[in-house]
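File shown: coords.pdb (PDB, C-alpha atoms).
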MODEL        1
ATOM      1  CA  MET H 136      19.171  10.318   4.091
ATOM      2  CA  ALA H 137      20.558  12.417   6.911
ATOM      3  CA  ALA H 138      20.641  15.431   4.608
ATOM      4  CA  ALA H 139      17.044  14.810   3.590
ATOM      5  CA  VAL H 140      15.984  14.616   7.242
ATOM      6  CA  CYS H 141      17.842  17.820   8.134
ATOM      7  CA  VAL H 142      16.249  19.758   5.290
ATOM      8  CA  LEU H 143      12.897  18.189   6.157
ATOM      9  CA  ALA H 144      13.153  19.453   9.718
ATOM     10  CA  ARG H 145      14.203  22.944   8.634
ATOM     11  CA  THR H 146      11.734  23.554   5.834
ATOM     12  CA  ARG H 147       8.537  25.509   6.397
ATOM     13  CA  ASN H 148       7.172  24.826   2.927
ATOM     14  CA  LEU H 149       4.779  21.911   3.116
ATOM     15  CA  PHE H 150       5.140  21.090  -0.567
ATOM     16  CA  SER H 151       8.893  20.622  -0.324
ATOM     17  CA  ALA H 152       8.402  18.719   2.931
ATOM     18  CA  ILE H 153       6.150  16.206   1.165
ATOM     19  CA  VAL H 154       8.537  15.819  -1.750
ATOM     20  CA  LEU H 155      11.439  15.388   0.666
ATOM     21  CA  SER H 156       9.597  12.712   2.615
ATOM     22  CA  GLY H 157       9.034  10.924  -0.676
ATOM     23  CA  ILE H 158      12.750  11.124  -1.379
ATOM     24  CA  TYR H 159      13.424   9.821   2.129
ATOM     25  CA  SER H 160      11.119   6.848   1.492
ATOM     26  CA  PHE H 161      12.894   6.083  -1.728
ATOM     27  CA  LEU H 162      16.296   6.195  -0.039
ATOM     28  CA  MET H 163      14.884   3.934   2.669
ATOM     29  CA  ALA H 164      13.833   1.507  -0.058
ATOM     30  CA  THR H 165      17.386   1.406  -1.410
ATOM     31  CA  VAL H 166      18.665   0.732   2.111
ATOM     32  CA  LEU H 167      16.195  -2.154   2.390
ATOM     33  CA  VAL H 168      17.409  -3.533  -0.946
ATOM     34  CA  ALA H 169      20.950  -3.381   0.397
ATOM     35  CA  MET H 170      19.748  -5.396   3.413
ATOM     36  CA  ASP H 171      18.254  -8.036   1.069
ATOM     37  CA  ALA H 172      14.667  -7.268   2.089
ATOM     38  CA  VAL H 173      13.467  -6.874  -1.482
ATOM     39  CA  ASP H 174       9.768  -7.421  -0.761
ATOM     40  CA  VAL H 175       9.742  -4.755   1.917
ATOM     41  CA  ALA H 176      11.754  -2.420  -0.306
ATOM     42  CA  MET H 177       9.185  -2.796  -3.056
ATOM     43  CA  THR H 178       6.366  -1.966  -0.663
ATOM     44  CA  GLU H 179       8.251   1.021   0.709
ATOM     45  CA  ALA H 180       8.983   2.359  -2.763
ATOM     46  CA  SER H 181       5.432   1.950  -4.037
ATOM     47  CA  VAL H 182       3.502   2.937  -0.911
ATOM     48  CA  GLY H 183       5.889   5.259   0.906
ATOM     49  CA  ALA H 184       7.363   7.077  -2.037
ATOM     50  CA  GLY H 185       4.471   6.707  -4.472
ATOM     51  CA  ILE H 186       0.940   6.547  -3.142
ATOM     52  CA  SER H 187       1.415   8.371   0.143
ATOM     53  CA  THR H 188       3.220  11.238  -1.602
ATOM     54  CA  VAL H 189       0.325  11.566  -4.031
ATOM     55  CA  LEU H 190      -2.226  11.436  -1.209
ATOM     56  CA  LEU H 191      -0.342  14.003   0.858
ATOM     57  CA  LEU H 192      -0.092  16.286  -2.166
ATOM     58  CA  GLY H 193      -3.823  15.851  -2.660
ATOM     59  CA  ALA H 194      -4.410  16.760   0.983
ATOM     60  CA  LEU H 195      -2.134  19.771   0.602
ATOM     61  CA  TYR H 196      -4.110  20.830  -2.442
ATOM     62  CA  LEU H 197      -7.263  20.727  -0.330
ATOM     63  CA  CYS H 198      -5.782  22.727   2.529
ATOM     64  CA  ARG H 199      -3.923  25.229   0.364
ATOM     65  CA  SER H 200      -1.661  25.930   3.340
ATOM     66  CA  GLU H 201       1.799  26.513   1.997
ATOM     67  CA  GLN H 202       3.412  27.624   5.225
ATOM     68  CA  SER H 203       3.044  26.465   8.763
ATOM     69  CA  LYS H 204       3.701  28.795  11.638
ATOM     70  CA  PRO H 205       7.189  28.391  13.089
ATOM     71  CA  LEU H 206       7.281  27.045  16.598
ATOM     72  CA  ARG H 207       8.052  29.596  19.308
ATOM     73  CA  GLN H 208       9.279  27.177  21.932
ATOM     74  CA  VAL H 209      11.694  24.855  20.237
ATOM     75  CA  TRP H 210      13.631  23.618  23.246
ATOM     76  CA  LEU H 211      11.036  21.429  24.932
ATOM     77  CA  PRO H 212      10.001  19.537  21.737
ATOM     78  CA  LEU H 213      13.646  19.266  20.702
ATOM     79  CA  ALA H 214      14.677  17.855  24.071
ATOM     80  CA  LEU H 215      11.733  15.449  24.036
ATOM     81  CA  SER H 216      12.499  14.116  20.561
ATOM     82  CA  VAL H 217      16.196  13.810  21.319
ATOM     83  CA  ALA H 218      15.341  11.928  24.528
ATOM     84  CA  VAL H 219      12.983   9.546  22.700
ATOM     85  CA  GLY H 220      15.617   9.026  20.020
ATOM     86  CA  ALA H 221      18.228   8.294  22.676
ATOM     87  CA  VAL H 222      15.939   5.737  24.353
ATOM     88  CA  LEU H 223      15.340   4.047  20.995
ATOM     89  CA  MET H 224      19.077   3.990  20.273
ATOM     90  CA  TYR H 225      19.646   2.492  23.711
ATOM     91  CA  GLY H 226      17.039  -0.142  22.835
ATOM     92  CA  THR H 227      18.866  -1.111  19.647
ATOM     93  CA  LEU H 228      21.964  -1.893  21.739
ATOM     94  CA  GLY H 229      20.079  -4.907  23.108
ATOM     95  CA  LEU H 230      19.296  -6.259  19.645
ATOM     96  CA  PRO H 231      21.465  -8.965  18.131
ATOM     97  CA  GLU H 232      23.964  -7.934  15.494
ATOM     98  CA  PHE H 233      22.702  -7.596  11.935
ATOM     99  CA  SER H 234      23.014 -10.961  10.129
ATOM    100  CA  ASP H 235      23.921 -12.730  13.354
ATOM    101  CA  ALA H 236      23.166 -16.396  12.666
ATOM    102  CA  HIS H 237      22.540 -17.175  16.337
ATOM    103  CA  ALA H 238      19.929 -14.493  16.852
ATOM    104  CA  PRO H 239      16.643 -15.804  18.288
ATOM    105  CA  ILE H 240      14.682 -15.142  15.089
ATOM    106  CA  HIS H 241      17.060 -17.365  13.135
ATOM    107  CA  THR H 242      16.901 -20.237  15.589
ATOM    108  CA  HIS H 243      13.170 -20.391  16.380
ATOM    109  CA  VAL H 244      10.875 -21.026  13.380
ATOM    110  CA  VAL H 245      13.019 -19.889  10.468
ATOM    111  CA  PRO H 246      14.990 -23.153  10.114
ATOM    112  CA  ARG H 247      11.748 -25.095  10.007
ATOM    113  CA  TYR H 248      10.302 -22.794   7.325
ATOM    114  CA  LEU H 249      13.438 -22.987   5.239
ATOM    115  CA  LYS H 250      13.750 -26.758   5.594
ATOM    116  CA  GLU H 251      10.131 -27.858   5.259
ATOM    117  CA  MET H 252       8.837 -25.147   2.938
ATOM    118  CA  PRO H 253      10.086 -26.649  -0.367
ATOM    119  CA  LYS H 254       8.339 -29.924   0.514
ATOM    120  CA  GLU H 255       5.170 -28.423   1.966
ATOM    121  CA  VAL H 256       4.557 -25.401  -0.250
ATOM    122  CA  GLY H 257       7.121 -25.732  -3.010
ATOM    123  CA  MET H 258       7.661 -22.039  -3.723
ATOM    124  CA  PRO H 259      10.983 -20.380  -4.407
ATOM    125  CA  ASN H 260       9.970 -17.183  -2.578
ATOM    126  CA  VAL H 261       9.876 -17.930   1.136
ATOM    127  CA  VAL H 262       8.392 -14.519   1.930
ATOM    128  CA  THR H 263       5.292 -15.257  -0.124
ATOM    129  CA  ALA H 264       4.951 -18.715   1.373
ATOM    130  CA  VAL H 265       5.178 -17.425   4.939
ATOM    131  CA  LEU H 266       2.917 -14.471   4.225
ATOM    132  CA  ALA H 267       0.137 -16.290   2.433
ATOM    133  CA  SER H 268       0.337 -19.800   3.808
ATOM    134  CA  TYR H 269       1.990 -20.116   7.202
ATOM    135  CA  ARG H 270       0.723 -16.733   8.330
ATOM    136  CA  GLY H 271      -2.479 -16.747   6.305
ATOM    137  CA  TYR H 272      -4.583 -15.625   9.257
ATOM    138  CA  ASP H 273      -2.392 -12.574   9.795
ATOM    139  CA  THR H 274      -2.581 -11.614   6.158
ATOM    140  CA  LEU H 275      -6.348 -12.024   6.192
ATOM    141  CA  GLY H 276      -6.377  -9.667   9.161
ATOM    142  CA  GLU H 277      -4.163  -7.181   7.314
ATOM    143  CA  THR H 278      -6.390  -7.252   4.277
ATOM    144  CA  THR H 279      -9.388  -6.643   6.508
ATOM    145  CA  VAL H 280      -7.538  -3.729   8.120
ATOM    146  CA  VAL H 281      -6.880  -2.194   4.690
ATOM    147  CA  PHE H 282     -10.521  -2.666   3.798
ATOM    148  CA  THR H 283     -11.643  -1.139   7.093
ATOM    149  CA  ALA H 284      -9.356   1.853   6.575
ATOM    150  CA  GLY H 285     -10.819   2.403   3.120
ATOM    151  CA  ALA H 286     -14.343   2.056   4.472
ATOM    152  CA  GLY H 287     -13.512   4.558   7.200
ATOM    153  CA  VAL H 288     -12.252   7.113   4.688
ATOM    154  CA  VAL H 289     -15.366   6.572   2.594
ATOM    155  CA  ALA H 290     -17.602   7.035   5.622
ATOM    156  CA  LEU H 291     -15.807  10.212   6.704
ATOM    157  CA  LEU H 292     -15.446  11.987   3.394
ATOM    158  CA  ARG H 293     -18.720  10.996   1.832
ATOM    159  CA  ARG H 294     -20.810  12.475   4.633
ATOM    160  CA  LYS H 295     -18.919  15.760   4.362
ATOM    161  CA  ARG H 296     -19.568  15.847   0.661
ATOM    162  CA  ARG H 297     -23.275  15.367   1.130
ATOM    163  CA  GLN H 298     -23.349  18.223   3.650
ATOM    164  CA  ARG H 299     -21.522  20.450   1.221
ATOM    165  CA  ASP H 300     -23.791  19.436  -1.609
ATOM    166  CA  ALA H 301     -26.939  20.026   0.416
ATOM    167  CA  PRO H 302     -26.634  23.853   0.660
ATOM    168  CA  ASP H 303     -25.764  23.965  -3.045
ATOM    169  CA  ALA H 304     -28.925  22.044  -3.840
ATOM    170  CA  ALA H 305     -30.926  24.370  -1.610
ATOM    171  CA  LYS H 306     -29.430  27.363  -3.368
ATOM    172  CA  GLY H 307     -30.285  25.864  -6.718
ATOM    173  CA  ALA H 308     -33.875  25.314  -5.597
ATOM    174  CA  ALA H 309     -34.147  28.919  -4.326
ATOM    175  CA  ARG H 310     -32.902  30.202  -7.615
TER     176      ARG H 310
ATOM    177  CA  MET D 108      -2.693  19.714 -17.461
ATOM    178  CA  LYS D 109      -4.878  18.044 -20.051
ATOM    179  CA  ALA D 110      -3.292  20.047 -22.857
ATOM    180  CA  ASP D 111       0.301  19.098 -22.130
ATOM    181  CA  LEU D 112       1.345  17.008 -25.108
ATOM    182  CA  ILE D 113       4.518  15.558 -23.612
ATOM    183  CA  LEU D 114       2.788  14.375 -20.471
ATOM    184  CA  ARG D 115      -0.073  12.848 -22.400
ATOM    185  CA  VAL D 116       2.180  10.941 -24.790
ATOM    186  CA  MET D 117       4.464   9.762 -22.019
ATOM    187  CA  ALA D 118       1.502   8.643 -19.928
ATOM    188  CA  LYS D 119       0.071   6.711 -22.841
ATOM    189  CA  LEU D 120       3.430   5.040 -23.319
ATOM    190  CA  LEU D 121       4.000   4.264 -19.672
ATOM    191  CA  ILE D 122       0.611   3.190 -18.353
ATOM    192  CA  PRO D 123       0.406  -0.142 -20.234
ATOM    193  CA  PHE D 124       3.819  -1.065 -18.908
ATOM    194  CA  ILE D 125       2.907  -0.065 -15.371
ATOM    195  CA  VAL D 126      -0.159  -2.306 -15.555
ATOM    196  CA  LEU D 127       1.928  -5.089 -17.065
ATOM    197  CA  PHE D 128       4.482  -4.694 -14.290
ATOM    198  CA  ALA D 129       1.706  -4.886 -11.722
ATOM    199  CA  LEU D 130       0.505  -8.153 -13.230
ATOM    200  CA  TYR D 131       4.078  -9.441 -13.309
ATOM    201  CA  VAL D 132       4.571  -8.576  -9.649
ATOM    202  CA  GLN D 133       1.264 -10.250  -8.873
ATOM    203  CA  PHE D 134       1.815 -13.534 -10.647
ATOM    204  CA  HIS D 135       5.558 -13.749 -10.241
ATOM    205  CA  GLY D 136       5.288 -13.185  -6.495
ATOM    206  CA  ASP D 137       5.795 -16.911  -5.927
ATOM    207  CA  PHE D 138       9.237 -16.792  -7.489
ATOM    208  CA  GLY D 139      10.582 -13.297  -7.086
ATOM    209  CA  PRO D 140       9.886 -10.366  -4.814
ATOM    210  CA  GLY D 141       6.375  -9.065  -4.862
ATOM    211  CA  GLY D 142       2.898 -10.237  -4.201
ATOM    212  CA  GLY D 143      -0.627  -9.064  -3.888
ATOM    213  CA  PHE D 144      -0.015  -5.973  -1.801
ATOM    214  CA  GLN D 145       2.664  -4.501  -4.035
ATOM    215  CA  ALA D 146       0.790  -5.408  -7.206
ATOM    216  CA  GLY D 147      -2.379  -3.784  -5.925
ATOM    217  CA  VAL D 148      -0.542  -0.589  -5.104
ATOM    218  CA  ILE D 149       1.167  -0.480  -8.512
ATOM    219  CA  LEU D 150      -2.142  -1.082 -10.264
ATOM    220  CA  ALA D 151      -3.756   1.721  -8.292
ATOM    221  CA  ALA D 152      -0.774   3.947  -9.077
ATOM    222  CA  ALA D 153      -1.310   3.373 -12.792
ATOM    223  CA  VAL D 154      -4.905   4.585 -12.555
ATOM    224  CA  ILE D 155      -3.901   7.513 -10.333
ATOM    225  CA  PHE D 156      -1.279   8.456 -12.928
ATOM    226  CA  TYR D 157      -3.967   8.349 -15.585
ATOM    227  CA  ALA D 158      -6.226  10.516 -13.442
ATOM    228  CA  LEU D 159      -3.479  13.074 -12.840
ATOM    229  CA  ILE D 160      -2.719  13.463 -16.534
ATOM    230  CA  PHE D 161      -6.098  13.048 -18.193
ATOM    231  CA  GLY D 162      -8.332  14.340 -15.423
ATOM    232  CA  LEU D 163     -10.488  12.706 -12.834
ATOM    233  CA  ALA D 164     -13.574  12.482 -15.033
ATOM    234  CA  ASP D 165     -11.771  10.375 -17.636
ATOM    235  CA  ALA D 166     -10.348   8.106 -14.951
ATOM    236  CA  ARG D 167     -13.862   7.685 -13.534
ATOM    237  CA  ARG D 168     -15.017   6.595 -16.951
ATOM    238  CA  VAL D 169     -12.245   3.980 -17.178
ATOM    239  CA  VAL D 170     -12.567   2.736 -13.599
ATOM    240  CA  PRO D 171     -15.996   3.707 -12.284
ATOM    241  CA  GLU D 172     -16.410   4.485  -8.625
ATOM    242  CA  SER D 173     -18.965   1.730  -8.104
ATOM    243  CA  LEU D 174     -16.457  -0.805  -9.462
ATOM    244  CA  VAL D 175     -13.783   0.476  -7.081
ATOM    245  CA  GLU D 176     -16.134   0.204  -4.120
ATOM    246  CA  ALA D 177     -17.066  -3.322  -5.145
ATOM    247  CA  LEU D 178     -13.373  -4.279  -5.503
ATOM    248  CA  MET D 179     -12.665  -3.190  -1.928
ATOM    249  CA  ALA D 180     -15.095  -5.732  -0.545
ATOM    250  CA  VAL D 181     -14.636  -8.437  -3.179
ATOM    251  CA  GLY D 182     -10.932  -8.817  -2.330
ATOM    252  CA  VAL D 183     -11.598  -9.584   1.317
ATOM    253  CA  LEU D 184     -14.399 -11.929   0.267
ATOM    254  CA  ILE D 185     -12.061 -13.790  -2.121
ATOM    255  CA  TYR D 186      -9.544 -14.190   0.682
ATOM    256  CA  ALA D 187     -12.102 -15.370   3.194
ATOM    257  CA  GLY D 188     -13.718 -17.486   0.475
ATOM    258  CA  VAL D 189     -10.474 -19.438   0.073
ATOM    259  CA  GLY D 190     -10.639 -20.149   3.789
ATOM    260  CA  VAL D 191     -14.264 -21.241   3.559
ATOM    261  CA  ALA D 192     -13.472 -23.409   0.529
ATOM    262  CA  GLY D 193     -10.856 -25.149   2.642
ATOM    263  CA  LEU D 194     -13.496 -25.688   5.331
ATOM    264  CA  LEU D 195     -15.985 -27.125   2.841
ATOM    265  CA  LEU D 196     -13.398 -29.519   1.433
ATOM    266  CA  GLY D 197     -12.747 -30.914   4.882
ATOM    267  CA  GLY D 198      -9.763 -28.942   6.128
ATOM    268  CA  ASN D 199      -9.351 -26.121   8.620
ATOM    269  CA  PHE D 200     -10.044 -22.479   7.832
ATOM    270  CA  LEU D 201      -7.365 -21.214   5.398
ATOM    271  CA  ASP D 202      -6.030 -24.737   5.032
ATOM    272  CA  TYR D 203      -4.777 -24.962   1.450
ATOM    273  CA  PHE D 204      -3.712 -28.609   1.450
ATOM    274  CA  VAL D 205      -7.237 -29.798   0.706
ATOM    275  CA  LEU D 206      -7.782 -27.547  -2.325
ATOM    276  CA  ASP D 207      -6.163 -30.043  -4.685
ATOM    277  CA  PRO D 208      -5.489 -33.793  -4.542
ATOM    278  CA  ASP D 209      -1.792 -32.949  -4.474
ATOM    279  CA  PRO D 210      -1.163 -30.974  -1.256
ATOM    280  CA  VAL D 211       1.648 -28.907  -2.785
ATOM    281  CA  HIS D 212      -0.580 -27.913  -5.706
ATOM    282  CA  GLY D 213      -3.279 -27.121  -3.193
ATOM    283  CA  GLN D 214      -0.873 -24.729  -1.493
ATOM    284  CA  HIS D 215      -0.081 -23.075  -4.818
ATOM    285  CA  ARG D 216      -3.752 -22.689  -5.598
ATOM    286  CA  GLY D 217      -4.556 -21.300  -2.176
ATOM    287  CA  ILE D 218      -1.698 -18.793  -2.226
ATOM    288  CA  PHE D 219      -2.648 -17.705  -5.742
ATOM    289  CA  TRP D 220      -6.218 -16.846  -4.795
ATOM    290  CA  VAL D 221      -5.230 -15.296  -1.511
ATOM    291  CA  GLU D 222      -2.817 -12.993  -3.318
ATOM    292  CA  VAL D 223      -5.511 -12.114  -5.839
ATOM    293  CA  GLY D 224      -7.778 -11.149  -2.954
ATOM    294  CA  VAL D 225      -5.099  -8.972  -1.358
ATOM    295  CA  ALA D 226      -4.329  -7.224  -4.653
ATOM    296  CA  VAL D 227      -7.990  -6.539  -5.401
ATOM    297  CA  THR D 228      -8.688  -5.064  -1.979
ATOM    298  CA  VAL D 229      -5.509  -2.988  -1.836
ATOM    299  CA  SER D 230      -5.928  -1.483  -5.284
ATOM    300  CA  GLY D 231      -9.595  -0.788  -4.589
ATOM    301  CA  VAL D 232      -8.894   0.952  -1.299
ATOM    302  CA  MET D 233      -5.984   3.009  -2.664
ATOM    303  CA  LEU D 234      -8.016   4.156  -5.642
ATOM    304  CA  LYS D 235     -11.049   4.927  -3.524
ATOM    305  CA  ILE D 236      -8.998   7.043  -1.124
ATOM    306  CA  PHE D 237      -7.463   8.889  -4.048
ATOM    307  CA  TYR D 238     -10.849   9.468  -5.647
ATOM    308  CA  MET D 239     -12.278  10.817  -2.411
ATOM    309  CA  PHE D 240      -9.344  13.189  -1.896
ATOM    310  CA  ALA D 241      -9.265  14.351  -5.484
ATOM    311  CA  ASP D 242     -13.018  14.767  -5.563
ATOM    312  CA  ARG D 243     -13.035  17.327  -2.797
ATOM    313  CA  GLY D 244     -10.270  19.428  -4.268
ATOM    314  CA  GLY D 245     -11.661  19.461  -7.779
ATOM    315  CA  LEU D 246      -8.554  18.035  -9.454
ATOM    316  CA  GLU D 247     -10.398  17.720 -12.736
ATOM    317  CA  GLU D 248     -10.177  21.416 -13.535
TER     318      GLU D 248
ENDMDL
END

Structure re-expressed in structure tokens:
Amino acid sequence: MAAAVCVLARTRNLFSAIVLSGIYSFLMATVLVAMDAVDVAMTEASVGAGISTVLLLGALYLCRSEQSKPLRQVWLPLALSVAVGAVLMYGTLGLPEFSDAHAPIHTHVVPRYLKEMPKEVGMPNVVTAVLASYRGYDTLGETTVVFTAGAGVVALLRRKRRQRDAPDAAKGAAR
Amino acid sequence: MKADLILRVMAKLLIPFIVLFALYVQFHGDFGPGGGFQAGVILAAAVIFYALIFGLADARRVVPESLVEALMAVGVLIYAGVGVAGLLLGGNFLDYFVLDPDPVHGQHRGIFWVEVGVAVTVSGVMLKIFYMFADRGGLEE
């Protein structure tokens, strides 16, 4: 992953950058599998490595811009990103250890879910039960967000298409 | 790309299994990893794969744009409809216990339809975004 990130930062070719980010997503998915978050790993692999790579390639095809201009001033952005990274790393120091049984998330609602879920919902996959039943409102909101995003893309791109089509139609009429 | 024999044969071989896997992820989400979101994305990926190999026009014939647009909204409506069904049967909004005389079966039923709604919306939106992007670049050439 580190190698992928380094090459990603160095490359000026947008095509290889997109492919590398897909590779990064896939590696991330394997990391998530190793951390036993199989549902998240599946989403990462299908959305991060699959669909978003295809969409970015489609966008690249539209732009036809193979190269981006190299930055002249590298030091300020570099310092800023290193500083933000350092702050984030400092933040992780306050988090409980990975797989710490006494962490707050394991002592608050999780025991109740794990204990009551087989009686209340009766599903072997706790993730699905929490997602669709206990947190049904949240998932409804997420679905609405996905729908809204799609509607936004439709609204944006369709108007552009009509504008582009309009001159063509006018040209056809003139001919 | 339409003329490439290897790609066409491989796509024909793979696409049924991708769709089957999407259905498996959808309906096996109660037991294993997966669920509506992942299944919707995989389903959309199958159609996108088809469009990449066989051209956008053929994909439009298989999955018409009007159908995709309808799917986007229908998924959210299915999800919200489950909530309203719970209301009508005397529970709270998105309360699945009332959907069946047996509360646990009611939960199963509610989760099933909710996941169907998520999958329908997600696959519709993904496909629609892909169609809109591909449309502007003229991928069908």

For this session: Find the residues of chain H in contact range of chain D, meaning any atom within 9 Å when counting all atoms listed in the file, and list them as number ranges by chain.
Result: H: 172-175, 177-178, 181-182, 185-186, 189-190, 193-194, 196-198, 254-264, 267-268, 271-272, 274-275, 277-279, 281-282, 284-286, 288-289, 292-293, 296

Axis-aligned box over every listed atom of stretch 157-164 of chain H, padded by 5 Å per side: centre and edges in Å to one decimal, as JSON?
{"center_x": 12.7, "center_y": 6.3, "center_z": 0.5, "size_x": 17.3, "size_y": 19.6, "size_z": 14.4}

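Straight-line separation from atom CA of D:Val223 to atom CA of H:Ala164: 24.4 Å.
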
Exercise. Atom CA of H:Ala152 and atom CA of H:Ala138, how far apart in Å?
Worked result: 12.8 Å

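Residues within 12 Å of H:Pro246, counting all atoms listed in the file and excluding same-chain residues fewer than 5 positions away, are Ala236, His237, Pro239, Ile240, His241, Glu251, Met252 and Val261 of chain H.
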
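The smallest atom-to-atom distance between D:Phe161 and any of D:Val189, D:Met117, D:Arg216, D:Val205, using only C-alpha atoms, is found for D:Met117.
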